[in-house]
file upload_3.cif (mmCIF, C-alpha atoms)
data_my_file
#
loop_
_atom_site.label_atom_id
_atom_site.label_comp_id
_atom_site.auth_asym_id
_atom_site.auth_seq_id
_atom_site.Cartn_x
_atom_site.Cartn_y
_atom_site.Cartn_z
CA MET F 18 -53.92 -20.72 -86.24
CA HIS F 19 -53.85 -17.50 -84.24
CA THR F 20 -50.32 -16.22 -84.61
CA ARG F 21 -48.78 -13.09 -86.02
CA LEU F 22 -47.81 -15.31 -88.92
CA ILE F 23 -51.27 -15.30 -90.44
CA LYS F 24 -52.55 -11.99 -89.17
CA PHE F 25 -50.27 -9.40 -90.65
CA VAL F 26 -49.50 -8.96 -94.31
CA ALA F 27 -46.07 -7.47 -93.76
CA SER F 28 -44.97 -10.62 -91.95
CA LEU F 29 -45.29 -12.37 -95.28
CA SER F 30 -46.80 -15.44 -93.66
CA SER F 31 -49.92 -13.44 -92.98
CA ALA F 32 -49.81 -12.42 -96.60
CA ALA F 33 -50.05 -16.07 -97.49
CA ALA F 34 -53.09 -16.40 -95.27
CA VAL F 35 -54.98 -13.70 -97.16
CA ALA F 36 -53.63 -14.51 -100.60
CA GLY F 37 -56.73 -16.33 -101.74
CA CYS F 38 -59.19 -13.62 -100.76
CA GLY F 39 -59.31 -11.94 -104.16
CA ALA F 40 -59.43 -8.27 -105.06
CA SER F 41 -60.82 -5.68 -102.66
CA ILE F 42 -62.60 -2.42 -103.40
CA SER F 43 -60.11 0.35 -103.97
CA GLY F 44 -60.05 3.95 -102.86
CA ILE F 45 -60.60 6.77 -105.33
CA PRO F 46 -58.90 6.11 -108.67
CA ALA F 47 -57.65 8.99 -110.76
CA ALA F 48 -56.94 9.31 -114.46
CA GLY F 49 -53.36 10.09 -115.32
CA GLU F 50 -50.98 11.46 -112.70
CA LEU F 51 -52.46 12.75 -109.48
CA ASP F 52 -51.41 16.00 -107.79
CA VAL F 53 -49.96 14.30 -104.72
CA THR F 54 -49.47 17.61 -102.91
CA LYS F 55 -53.19 17.49 -102.14
CA LEU F 56 -52.98 14.17 -100.32
CA SER F 57 -53.31 14.11 -96.55
CA ALA F 58 -49.90 12.72 -95.61
CA GLY F 59 -49.53 14.46 -92.25
CA ASN F 60 -45.92 15.20 -91.39
CA TYR F 61 -44.56 12.15 -93.17
CA PRO F 62 -41.89 12.72 -95.86
CA VAL F 63 -43.04 12.50 -99.48
CA ALA F 64 -39.69 13.13 -101.18
CA PRO F 65 -37.14 10.37 -101.79
CA ILE F 66 -34.42 10.30 -99.17
CA ASP F 67 -31.61 10.89 -101.66
CA SER F 68 -33.21 14.17 -102.72
CA VAL F 69 -32.96 15.61 -99.21
CA GLN F 70 -29.99 13.83 -97.65
CA GLN F 71 -26.85 12.49 -99.28
CA TYR F 72 -25.61 9.09 -98.21
CA SER F 73 -22.19 9.19 -96.57
CA HIS F 74 -20.14 6.02 -96.79
CA THR F 75 -18.85 4.59 -93.52
CA TYR F 76 -17.25 1.24 -92.85
CA ARG F 77 -19.88 0.38 -90.22
CA ASP F 78 -22.75 1.04 -92.62
CA GLY F 79 -20.85 -0.79 -95.33
CA LYS F 80 -20.61 -3.88 -93.11
CA THR F 81 -24.35 -3.76 -92.53
CA LEU F 82 -25.00 -3.51 -96.27
CA ALA F 83 -22.57 -6.37 -96.84
CA ALA F 84 -24.41 -8.48 -94.26
CA ILE F 85 -27.74 -7.73 -95.97
CA ARG F 86 -26.13 -8.74 -99.27
CA LEU F 87 -25.02 -11.96 -97.58
CA ALA F 88 -28.62 -12.65 -96.46
CA ASN F 89 -29.55 -12.90 -100.15
CA HIS F 90 -27.06 -15.78 -100.42
CA THR F 91 -27.86 -17.63 -97.20
CA ILE F 92 -29.91 -20.79 -97.35
CA THR F 93 -33.06 -21.37 -95.35
CA GLY F 94 -34.21 -24.75 -94.13
CA LEU F 95 -36.46 -24.96 -97.19
CA ASP F 96 -33.37 -25.31 -99.37
CA VAL F 97 -32.34 -28.40 -97.40
CA ASP F 98 -35.56 -30.10 -96.31
CA PRO F 99 -39.13 -28.96 -97.10
CA ARG F 100 -40.13 -29.80 -93.52
CA LEU F 101 -37.87 -27.02 -92.19
CA LYS F 102 -40.30 -24.37 -93.32
CA PHE F 103 -40.51 -22.12 -90.25
CA GLY F 104 -38.04 -19.37 -89.45
CA SER F 105 -36.48 -19.42 -86.00
CA GLY F 106 -34.84 -16.00 -86.21
CA ALA F 107 -32.18 -14.15 -88.16
CA MET F 108 -29.47 -11.68 -87.24
CA ALA F 109 -26.60 -9.83 -88.89
CA GLN F 110 -23.39 -8.86 -87.14
CA GLY F 111 -22.90 -5.11 -86.93
CA ALA F 112 -26.51 -4.46 -87.92
CA ILE F 113 -27.54 -2.73 -84.69
CA PRO F 114 -27.89 0.96 -85.65
CA THR F 115 -26.78 2.25 -82.23
CA SER F 116 -23.77 -0.04 -81.97
CA GLN F 117 -20.40 1.63 -82.42
CA VAL F 118 -18.36 -1.52 -81.84
CA SER F 119 -18.19 -5.02 -83.20
CA ASP F 120 -20.51 -7.39 -81.36
CA TRP F 121 -20.24 -10.92 -82.66
CA SER F 122 -22.30 -12.20 -79.74
CA THR F 123 -25.40 -11.36 -81.79
CA ILE F 124 -24.73 -14.44 -83.91
CA LEU F 125 -22.10 -16.44 -81.99
CA SER F 126 -21.36 -17.71 -78.53
CA ALA F 127 -18.81 -15.79 -76.43
CA SER F 128 -15.93 -18.19 -77.15
CA ASP F 129 -16.69 -18.30 -80.88
CA SER F 130 -16.88 -14.50 -80.94
CA LYS F 131 -13.35 -14.24 -79.57
CA ALA F 132 -12.06 -16.69 -82.16
CA VAL F 133 -13.48 -14.81 -85.15
CA GLU F 134 -12.41 -11.40 -83.81
CA GLN F 135 -8.82 -12.62 -83.45
CA ASN F 136 -8.85 -13.67 -87.10
CA GLY F 137 -10.22 -10.39 -88.49
CA ALA F 138 -13.85 -11.31 -89.16
CA MET F 139 -15.51 -8.64 -91.28
CA PHE F 140 -19.28 -9.26 -91.32
CA GLY F 141 -21.71 -12.12 -90.98
CA PHE F 142 -25.28 -13.34 -91.10
CA SER F 143 -27.13 -16.07 -89.20
CA SER F 144 -30.50 -17.66 -89.95
CA GLY F 145 -32.40 -20.44 -88.23
CA SER F 146 -35.05 -22.86 -89.48
CA MET F 147 -37.19 -25.57 -87.90
CA ASN F 148 -40.00 -27.96 -88.64
CA VAL F 149 -42.41 -26.83 -85.89
CA GLN F 150 -44.21 -23.52 -85.73
CA PRO F 151 -43.45 -21.62 -82.52
CA ASP F 152 -46.20 -20.81 -80.07
CA ILE F 153 -47.60 -17.32 -79.48
CA HIS F 154 -44.60 -16.43 -77.31
CA GLY F 155 -42.09 -17.56 -79.93
CA TYR F 156 -41.09 -20.81 -78.25
CA THR F 157 -41.04 -24.26 -79.80
CA SER F 158 -40.61 -27.78 -78.50
CA SER F 159 -37.26 -29.32 -77.68
CA GLU F 160 -38.44 -32.16 -79.93
CA ALA F 161 -38.20 -29.95 -83.02
CA THR F 162 -35.71 -30.43 -85.83
CA LEU F 163 -33.54 -27.31 -85.99
CA LEU F 164 -30.97 -25.94 -88.41
CA THR F 165 -29.09 -22.69 -87.86
CA ILE F 166 -26.65 -21.47 -90.53
CA THR F 167 -24.07 -18.80 -89.71
CA ILE F 168 -21.80 -17.33 -92.39
CA ILE F 169 -18.89 -14.97 -91.78
CA GLN F 170 -16.49 -13.41 -94.29
CA PHE F 171 -12.81 -12.91 -93.48
CA PRO F 172 -10.09 -10.91 -95.25
CA GLY F 173 -8.60 -14.05 -96.80
CA ASP F 174 -8.71 -17.83 -97.07
CA GLY F 175 -6.05 -18.31 -94.39
CA GLU F 176 -7.94 -16.30 -91.79
CA ALA F 177 -11.10 -18.25 -92.54
CA ARG F 178 -9.36 -21.60 -92.14
CA GLN F 179 -7.73 -20.52 -88.88
CA ALA F 180 -11.01 -19.19 -87.49
CA ALA F 181 -12.80 -22.45 -88.29
CA SER F 182 -10.04 -24.43 -86.56
CA ASP F 183 -10.01 -22.12 -83.54
CA ILE F 184 -13.79 -22.30 -83.09
CA TYR F 185 -13.77 -26.08 -83.29
CA THR F 186 -10.85 -26.48 -80.90
CA GLY F 187 -12.28 -24.01 -78.43
CA ASP F 188 -15.73 -25.57 -78.42
CA LEU F 189 -14.40 -29.12 -78.22
CA ASN F 190 -12.01 -28.37 -75.36
CA ARG F 191 -14.42 -26.20 -73.42
CA LEU F 192 -16.93 -29.00 -72.88
CA THR F 193 -14.77 -32.10 -73.22
CA ALA F 194 -17.13 -34.15 -71.08
CA VAL F 195 -20.06 -33.82 -73.50
CA ASN F 196 -18.50 -33.09 -76.90
CA GLN F 197 -17.47 -35.87 -79.25
CA PRO F 198 -15.81 -35.45 -82.69
CA VAL F 199 -17.89 -36.49 -85.70
CA SER F 200 -16.78 -37.04 -89.30
CA LEU F 201 -18.75 -35.94 -92.36
CA PRO F 202 -17.71 -38.34 -95.16
CA LYS F 203 -18.70 -35.90 -97.91
CA TYR F 204 -16.84 -32.99 -96.27
CA PRO F 205 -13.68 -34.32 -94.60
CA ASP F 206 -12.36 -30.78 -94.07
CA ALA F 207 -15.34 -29.84 -91.90
CA HIS F 208 -14.81 -29.65 -88.14
CA SER F 209 -17.75 -31.39 -86.50
CA TYR F 210 -18.77 -32.60 -83.08
CA ARG F 211 -21.92 -33.64 -81.28
CA HIS F 212 -23.13 -33.17 -77.72
CA THR F 213 -23.14 -36.56 -76.03
CA GLY F 214 -26.50 -37.16 -74.41
CA THR F 215 -28.19 -34.39 -76.39
CA PRO F 216 -29.75 -34.45 -79.87
CA GLN F 217 -27.39 -31.82 -81.27
CA LEU F 218 -24.43 -31.51 -83.64
CA ASN F 219 -22.21 -28.54 -84.49
CA THR F 220 -20.09 -28.34 -87.61
CA ILE F 221 -17.98 -25.64 -89.22
CA ILE F 222 -16.10 -25.43 -92.51
CA ALA F 223 -13.93 -22.85 -94.24
CA HIS F 224 -14.87 -22.07 -97.84
CA GLY F 225 -12.60 -19.51 -99.46
CA HIS F 226 -12.93 -16.24 -97.53
CA TYR F 227 -15.98 -17.58 -95.67
CA ILE F 228 -16.69 -19.87 -92.79
CA VAL F 229 -20.03 -21.66 -92.58
CA LYS F 230 -21.23 -22.97 -89.24
CA ALA F 231 -24.23 -25.25 -88.95
CA GLU F 232 -25.98 -26.10 -85.69
CA ILE F 233 -28.33 -29.06 -85.99
CA GLN F 234 -30.81 -30.81 -83.77
CA VAL F 235 -32.96 -33.84 -84.49
CA PRO F 236 -35.39 -35.27 -81.93
CA ASN F 237 -33.81 -38.71 -81.52
CA GLY F 238 -30.23 -37.42 -81.63
CA ASP F 239 -29.22 -39.90 -84.33
CA THR F 240 -25.69 -38.98 -85.36
CA SER F 241 -26.08 -40.28 -88.91
CA ALA F 242 -29.26 -38.26 -89.42
CA MET F 243 -27.61 -35.09 -88.12
CA ALA F 244 -24.51 -35.67 -90.25
CA SER F 245 -26.67 -36.22 -93.32
CA LEU F 246 -28.55 -32.98 -92.67
CA ALA F 247 -25.24 -31.15 -92.25
CA GLU F 248 -23.96 -32.46 -95.57
CA LYS F 249 -27.15 -31.42 -97.34
CA ALA F 250 -26.85 -27.95 -95.81
CA TYR F 251 -23.25 -27.65 -96.99
CA ASP F 252 -24.23 -28.84 -100.48
CA LYS F 253 -26.65 -25.96 -100.86
CA GLN F 254 -24.82 -23.27 -98.91
CA LEU F 255 -21.34 -23.66 -100.38
CA SER F 256 -22.78 -23.65 -103.89
CA MET F 257 -24.67 -20.46 -103.10
CA LEU F 258 -21.51 -18.80 -101.76
CA ASP F 259 -19.64 -19.68 -104.94
CA ALA F 260 -21.88 -17.11 -106.68
CA LEU F 261 -21.00 -14.40 -104.13
CA PRO F 262 -17.56 -12.83 -104.65
CA PRO F 263 -15.96 -11.84 -101.32
CA LEU F 264 -15.56 -8.15 -100.55
CA SER F 265 -12.34 -6.33 -99.78
CA PRO F 266 -12.41 -3.77 -96.94
CA MET F 267 -12.52 -1.01 -99.55
CA ALA F 268 -15.41 -2.71 -101.33
CA VAL F 269 -17.24 -2.93 -98.00
CA LEU F 270 -16.76 0.81 -97.49
CA LYS F 271 -18.06 1.53 -100.99
CA GLN F 272 -21.14 -0.71 -100.85
CA PRO F 273 -23.91 1.01 -102.87
CA PRO F 274 -26.71 2.17 -100.55
CA ASP F 275 -29.60 1.67 -102.96
CA PRO F 276 -28.59 -0.13 -106.17
CA ASP F 277 -32.17 -1.01 -107.16
CA GLY F 278 -33.85 2.26 -106.16
CA ILE F 279 -35.94 0.54 -103.48
CA ILE F 280 -34.80 2.49 -100.42
CA ARG F 281 -35.61 5.87 -101.95
CA ARG F 282 -39.20 4.70 -102.51
CA LEU F 283 -39.75 3.44 -98.96
CA LEU F 284 -41.60 5.49 -96.38
CA ASN F 285 -38.79 6.15 -93.93
CA PRO F 286 -40.17 8.68 -91.40
CA ASP F 287 -36.77 9.60 -89.94
CA GLN F 288 -35.23 10.00 -93.42
CA ASP F 289 -31.95 8.64 -92.13
CA TRP F 290 -29.59 6.31 -93.95
CA VAL F 291 -29.44 3.96 -90.96
CA TYR F 292 -29.38 0.45 -92.36
CA GLY F 293 -30.41 -2.72 -90.59
CA PRO F 294 -31.90 -6.01 -91.82
CA GLY F 295 -35.31 -5.23 -90.32
CA SER F 296 -35.09 -1.46 -90.00
CA LEU F 297 -33.93 -0.34 -93.48
CA ALA F 298 -32.97 -2.77 -96.21
CA SER F 299 -33.76 -4.10 -99.67
CA TYR F 300 -33.73 -7.77 -100.63
CA ASP F 301 -34.40 -10.31 -103.29
CA LEU F 302 -36.74 -13.17 -102.39
CA GLN F 303 -34.06 -15.32 -100.74
CA GLY F 304 -33.06 -12.50 -98.42
CA PHE F 305 -36.62 -11.48 -97.59
CA LEU F 306 -37.48 -15.06 -96.64
CA GLN F 307 -34.97 -14.79 -93.79
CA LEU F 308 -37.38 -12.37 -92.05
CA GLN F 309 -40.43 -14.63 -92.24
CA ARG F 310 -41.90 -17.19 -89.87
CA ASP F 311 -43.74 -19.43 -92.33
CA ARG F 312 -41.19 -19.39 -95.12
CA ALA F 313 -42.91 -22.05 -97.20
CA ALA F 314 -46.15 -20.09 -97.40
CA ALA F 315 -44.19 -16.90 -98.03
CA LYS F 316 -42.15 -18.38 -100.84
CA GLN F 317 -45.17 -19.89 -102.53
CA LEU F 318 -47.10 -16.62 -102.37
CA TYR F 319 -44.38 -14.28 -103.58
CA GLN F 320 -43.21 -16.57 -106.34
CA SER F 321 -46.80 -16.89 -107.56
CA LEU F 322 -47.08 -13.08 -107.60
CA HIS F 323 -43.73 -12.69 -109.42
CA ILE F 324 -42.44 -10.08 -106.98
CA ASP F 325 -38.79 -9.40 -107.81
CA ALA F 326 -37.64 -7.00 -105.07
CA PHE F 327 -38.56 -6.21 -101.47
CA GLY F 328 -37.86 -3.31 -99.16
CA VAL F 329 -38.40 -2.81 -95.43
CA ALA F 330 -38.34 0.31 -93.27
CA ALA F 331 -38.80 0.13 -89.49
CA ALA F 332 -40.61 -3.14 -90.16
CA TYR F 333 -39.10 -6.03 -88.21
CA ILE F 334 -37.45 -6.62 -84.85
CA LEU F 335 -34.86 -9.29 -85.48
CA ASN F 336 -33.89 -11.89 -82.89
CA SER F 337 -30.86 -14.08 -82.88
CA PRO F 338 -31.56 -17.67 -83.89
CA LEU F 339 -29.06 -18.62 -81.18
CA GLY F 340 -30.82 -16.74 -78.40
CA GLU F 341 -29.87 -17.68 -74.86
CA ARG F 342 -27.41 -20.55 -74.78
CA ASN F 343 -26.86 -23.34 -72.29
CA GLY F 344 -23.28 -24.31 -72.94
CA ASP F 345 -23.27 -24.94 -76.69
CA MET F 346 -26.88 -26.06 -76.82
CA GLN F 347 -29.21 -24.40 -79.27
CA PRO F 348 -32.32 -22.96 -77.63
CA PHE F 349 -35.86 -22.94 -78.93
CA ILE F 350 -36.74 -19.27 -79.28
CA ALA F 351 -38.14 -18.42 -82.68
CA GLY F 352 -39.87 -15.86 -84.84
CA ILE F 353 -39.23 -12.30 -85.97
CA PRO F 354 -41.91 -9.91 -84.68
CA LEU F 355 -43.18 -6.85 -86.50
CA THR F 356 -42.76 -3.34 -85.20
CA PRO F 357 -45.79 -1.24 -84.10
CA GLU F 358 -45.45 0.87 -87.25
CA GLY F 359 -43.54 0.17 -90.44
CA THR F 360 -43.43 -0.23 -94.21
CA VAL F 361 -42.83 -3.07 -96.65
CA LEU F 362 -42.47 -2.35 -100.37
CA TYR F 363 -42.94 -4.89 -103.16
CA ARG F 364 -41.70 -4.36 -106.72
CA SER F 365 -43.24 -6.24 -109.62
CA PRO F 366 -41.88 -6.61 -113.15
CA ASP F 367 -44.68 -4.43 -114.58
CA THR F 368 -47.89 -2.57 -113.75
CA ASP F 369 -50.21 -5.48 -114.54
CA SER F 370 -48.30 -7.74 -112.15
CA ALA F 371 -48.45 -5.07 -109.45
CA ARG F 372 -52.24 -4.88 -109.82
CA VAL F 373 -52.42 -8.58 -109.02
CA VAL F 374 -50.13 -8.13 -106.03
CA TRP F 375 -52.27 -5.27 -104.74
CA SER F 376 -55.46 -7.28 -105.16
CA LYS F 377 -54.15 -10.26 -103.20
CA ILE F 378 -51.72 -8.87 -100.66
CA LEU F 379 -54.32 -7.57 -98.21
CA ASN F 380 -57.92 -8.61 -97.69
CA ALA F 381 -59.72 -5.32 -96.98
CA PRO F 382 -63.38 -5.57 -98.00
CA GLY F 383 -65.10 -2.25 -98.59
CA SER F 384 -63.55 1.19 -99.02
CA ALA F 385 -64.67 2.92 -95.83
CA MET F 386 -61.19 2.87 -94.30
CA ALA F 387 -59.29 3.85 -97.45
CA PRO F 388 -57.45 7.20 -97.30
CA GLN F 389 -59.33 9.93 -99.18
CA GLY F 390 -58.07 10.78 -102.63
CA VAL F 391 -55.46 8.03 -102.87
CA PRO F 392 -55.87 5.81 -105.95
CA ASP F 393 -55.60 2.05 -105.50
CA ALA F 394 -55.58 2.26 -101.72
CA LYS F 395 -57.29 0.07 -99.14
CA CYS F 396 -57.08 -0.31 -95.38
CA THR F 397 -58.38 -2.70 -92.77
CA GLN F 398 -58.00 -3.52 -89.11
CA LEU F 399 -56.18 -6.79 -88.62
CA PRO F 400 -56.37 -8.99 -85.52
CA SER F 401 -53.77 -8.25 -82.87
CA GLU F 402 -52.20 -10.45 -80.21
CA THR F 403 -51.99 -7.46 -77.84
CA ASP F 404 -54.38 -4.80 -76.60
CA LEU F 405 -53.00 -2.40 -79.23
CA LYS F 406 -54.91 -2.11 -82.48
CA ASN F 407 -53.39 -2.97 -85.83
CA PHE F 408 -54.45 -0.99 -88.91
CA THR F 409 -52.89 -1.90 -92.24
CA CYS F 410 -53.10 -0.17 -95.63
CA ALA F 411 -51.90 -1.15 -99.09
CA VAL F 412 -51.29 1.27 -101.96
CA ARG F 413 -50.20 0.71 -105.55
CA TYR F 414 -48.32 3.01 -107.90
CA ARG F 415 -47.21 1.65 -111.27
CA GLN F 416 -45.15 -1.49 -110.56
CA TYR F 417 -44.87 -0.93 -106.80
CA VAL F 418 -47.12 -1.94 -103.92
CA GLY F 419 -46.50 -0.49 -100.48
CA VAL F 420 -47.91 -1.86 -97.24
CA VAL F 421 -47.94 0.32 -94.13
CA TRP F 422 -49.31 -0.26 -90.66
CA ALA F 423 -49.94 1.66 -87.46
CA ARG F 424 -51.88 1.49 -84.19
CA GLN F 425 -54.37 4.19 -85.21
CA LEU F 426 -56.41 4.33 -88.42
CA ASP F 427 -55.72 7.98 -89.22
CA ASP F 428 -51.98 7.35 -88.79
CA ALA F 429 -52.11 4.36 -91.13
CA GLN F 430 -54.07 6.42 -93.68
CA GLN F 431 -51.51 9.24 -93.57
CA ARG F 432 -48.70 6.73 -93.97
CA ALA F 433 -50.49 5.23 -96.97
CA ALA F 434 -50.94 8.66 -98.55
CA ALA F 435 -47.30 9.48 -97.91
CA GLU F 436 -46.13 6.19 -99.41
CA TYR F 437 -48.19 6.79 -102.54
CA ALA F 438 -46.87 10.34 -102.87
CA LEU F 439 -43.32 9.11 -102.31
CA LEU F 440 -43.69 6.51 -105.05
CA ALA F 441 -45.04 9.12 -107.44
CA ASN F 442 -42.38 11.68 -106.58
CA SER F 443 -39.60 9.11 -106.93
CA GLN F 444 -40.43 8.76 -110.62
CA GLY F 445 -39.42 12.31 -111.37
CA MET F 446 -36.51 12.87 -108.99
#

call {"tool": "encode", "arguments": {"input": "upload_3.cif", "output": "structure tokens"}}
result
Amino acid sequence: MHTRLIKFVASLSSAAAVAGCGASISGIPAAGELDVTKLSAGNYPVAPIDSVQQYSHTYRDGKTLAAIRLANHTITGLDVDPRLKFGSGAMAQGAIPTSQVSDWSTILSASDSKAVEQNGAMFGFSSGSMNVQPDIHGYTSSEATLLTITIIQFPGDGEARQAASDIYTGDLNRLTAVNQPVSLPKYPDAHSYRHTGTPQLNTIIAHGHYIVKAEIQVPNGDTSAMASLAEKAYDKQLSMLDALPPLSPMAVLKQPPDPDGIIRRLLNPDQDWVYGPGSLASYDLQGFLQLQRDRAAAKQLYQSLHIDAFGVAAAYILNSPLGERNGDMQPFIAGIPLTPEGTVLYRSPDTDSARVVWSKILNAPGSAMAPQGVPDAKCTQLPSETDLKNFTCAVRYRQYVGVVWARQLDDAQQRAAAEYALLANSQGM
């Protein structure tokens, strides 16, 4: 299978592809603590971001952090049906760093966007899953089974209920010729309809301060099968939301920027507190799975390695699981590509666990490409789907493993040295 999914470790699916390759030869180990000032890190920062720049709370950044928090409590298709193991995109509202205004069209259709704005929607997250791996261009067959979950928090229960009703009424009335109401026996309060003549069903339900919208497609368009899948999705998603207390506007503003100390340890070349799900964020496993293509392989690998926290910096380019829409129909654009350069950080419970992670996370035989003087470092050139080269390095420091990548080997080596130095410096600052 020649996709980005199995070629690049930071895409997690590629990590699964190399997981069984065993340990590789390391760089130059050192006894005790190394003088990291002697490492060749180029112009990359080696001091934690909070030691050089103080985070300033804003409501926009708080919404992004709240949406990332929500990603950790959003189901994937794996939670509903093991066949829905491939990611078809993910997106958070308000998570575009350059955006100064609310743009709900990143996760909703135009009419749905208007409905949630009128009811005071605060932040949201959307994630898609399917049973067929997309092709090299990110497209999949119209015969695939698809499930997209969108969650939005509102200021109160009443606003959430009204928004769910408004979305349903608007969608049903807008395409009256093709939309037909559907009942979900297990969830009578859900607003559901299917597209007559198409294999698709939309359903939305209010749950406390949240609304949950599910868009479903099955190849034969069987209404009972789609309704059953919707009920299973609600079973898992509503239970997961019960463990996530809603946030007040003040709590959104005061969202902690780095509660687990992951962000300060990430190589972030711009050293800016500009959060985004793929550009700067920290996750638990559930949240990190949202960014992966082969989520089943990813989950199996990371659970087996006992990784308990993940961080990304300039790592992923997110796409909306809704993509281009034809009426209310769900399209078939999938996959979250990697950026040309970026960083992923893995935290293990202890040093011994991190050694195992480092040994299995990247297959890099030999030490010729390893950056000079960096302990527990290895680099290799991975296959690329474009004419641009792809060099990837992995470094370990105590319980952390950092993976960096770049288009040139010397750049990747400097990034690796900088990430190691940053990890070391973060211990004492």

call {"tool": "residues_around", "arguments": {"input": "upload_3.cif", "residues": "segment 387-392 of chain F", "least_positions_apart": "2", "cutoff": "12 Å", "atoms": "only C-alpha atoms", "output": "MDAnalysis selection string"}}
result
chainID F and resid 41:59 372 375 381:385 394:398 408:415 418 426:438 441

call {"tool": "closest_residue", "arguments": {"input": "upload_3.cif", "among": "F:Ser337, F:Asn219, F:Gln425, F:Ser321", "to": "Gly106 of chain F", "atoms": "all atoms listed in the file"}}
result
F:Ser337

call {"tool": "atom_distance", "arguments": {"input": "upload_3.cif", "atom1": "atom CA of Gly145 of chain F", "atom2": "atom CA of Gly104 of chain F"}}
result
5.9 Å

call {"tool": "residues_around", "arguments": {"input": "upload_3.cif", "residues": "segment 330-333 of chain F", "least_positions_apart": "2", "cutoff": "12 Å", "atoms": "only C-alpha atoms", "output": "JSON, numbers by chain"}}
result
{"F": [25, 26, 27, 28, 29, 106, 107, 108, 114, 279, 280, 281, 282, 283, 284, 285, 286, 287, 288, 289, 290, 291, 292, 293, 294, 295, 296, 297, 298, 299, 300, 305, 307, 308, 309, 310, 327, 328, 335, 336, 352, 353, 354, 355, 356, 357, 358, 359, 360, 361, 362, 419, 420, 421, 422, 423, 436]}

call {"tool": "resolve_selection", "arguments": {"input": "upload_3.cif", "expression": "the PyMOL selection byres ((chain F and resi 221) around 10)", "output": "JSON list (two decimals) with C-alpha atoms, keeping the file's coordinate frame"}}
result
[["chain", "number", "residue", "atom", "x", "y", "z"],
["F", 166, "ILE", "CA", -26.65, -21.47, -90.53],
["F", 167, "THR", "CA", -24.07, -18.80, -89.71],
["F", 168, "ILE", "CA", -21.80, -17.33, -92.39],
["F", 178, "ARG", "CA", -9.36, -21.60, -92.14],
["F", 180, "ALA", "CA", -11.01, -19.19, -87.49],
["F", 181, "ALA", "CA", -12.80, -22.45, -88.29],
["F", 182, "SER", "CA", -10.04, -24.43, -86.56],
["F", 184, "ILE", "CA", -13.79, -22.30, -83.09],
["F", 185, "TYR", "CA", -13.77, -26.08, -83.29],
["F", 206, "ASP", "CA", -12.36, -30.78, -94.07],
["F", 207, "ALA", "CA", -15.34, -29.84, -91.90],
["F", 208, "HIS", "CA", -14.81, -29.65, -88.14],
["F", 209, "SER", "CA", -17.75, -31.39, -86.50],
["F", 210, "TYR", "CA", -18.77, -32.60, -83.08],
["F", 219, "ASN", "CA", -22.21, -28.54, -84.49],
["F", 220, "THR", "CA", -20.09, -28.34, -87.61],
["F", 222, "ILE", "CA", -16.10, -25.43, -92.51],
["F", 223, "ALA", "CA", -13.93, -22.85, -94.24],
["F", 224, "HIS", "CA", -14.87, -22.07, -97.84],
["F", 228, "ILE", "CA", -16.69, -19.87, -92.79],
["F", 229, "VAL", "CA", -20.03, -21.66, -92.58],
["F", 230, "LYS", "CA", -21.23, -22.97, -89.24],
["F", 231, "ALA", "CA", -24.23, -25.25, -88.95],
["F", 232, "GLU", "CA", -25.98, -26.10, -85.69],
["F", 247, "ALA", "CA", -25.24, -31.15, -92.25],
["F", 251, "TYR", "CA", -23.25, -27.65, -96.99]]

call {"tool": "residues_around", "arguments": {"input": "upload_3.cif", "residues": "Asn190 of chain F", "least_positions_apart": "6", "cutoff": "12 Å", "atoms": "all atoms listed in the file", "output": "PyMOL selection string"}}
result
chain F and resi 128+183-184+196-198+210+345

call {"tool": "atom_distance", "arguments": {"input": "upload_3.cif", "atom1": "atom CA of Thr162 of chain F", "atom2": "atom CA of Gln254 of chain F"}}
result
18.5 Å

call {"tool": "atom_distance", "arguments": {"input": "upload_3.cif", "atom1": "atom CA of Ser376 of chain F", "atom2": "atom CA of Asp311 of chain F"}}
result
21.2 Å

call {"tool": "closest_residue", "arguments": {"input": "upload_3.cif", "among": "F:Gln110, F:Leu302, F:Tyr72, F:His212", "to": "Thr193 of chain F", "atoms": "all atoms listed in the file"}}
result
F:His212

call {"tool": "closest_residue", "arguments": {"input": "upload_3.cif", "among": "F:Gly141, F:Ala242, F:Asp188, F:Leu264", "to": "Gly173 of chain F", "atoms": "all atoms listed in the file"}}
result
F:Leu264

call {"tool": "closest_residue", "arguments": {"input": "upload_3.cif", "among": "F:Ala84, F:Ile169, F:Ala109, F:Leu218", "to": "Asp129 of chain F", "atoms": "all atoms listed in the file"}}
result
F:Ile169

call {"tool": "axis_aligned_box", "arguments": {"input": "upload_3.cif", "around": "segment 305-310 of chain F", "padding_each_side": "3 Å", "output": "AutoDock Vina command-line options"}}
result
--center_x -38.4 --center_y -14.3 --center_z -93.7 --size_x 12.9 --size_y 11.7 --size_z 13.7
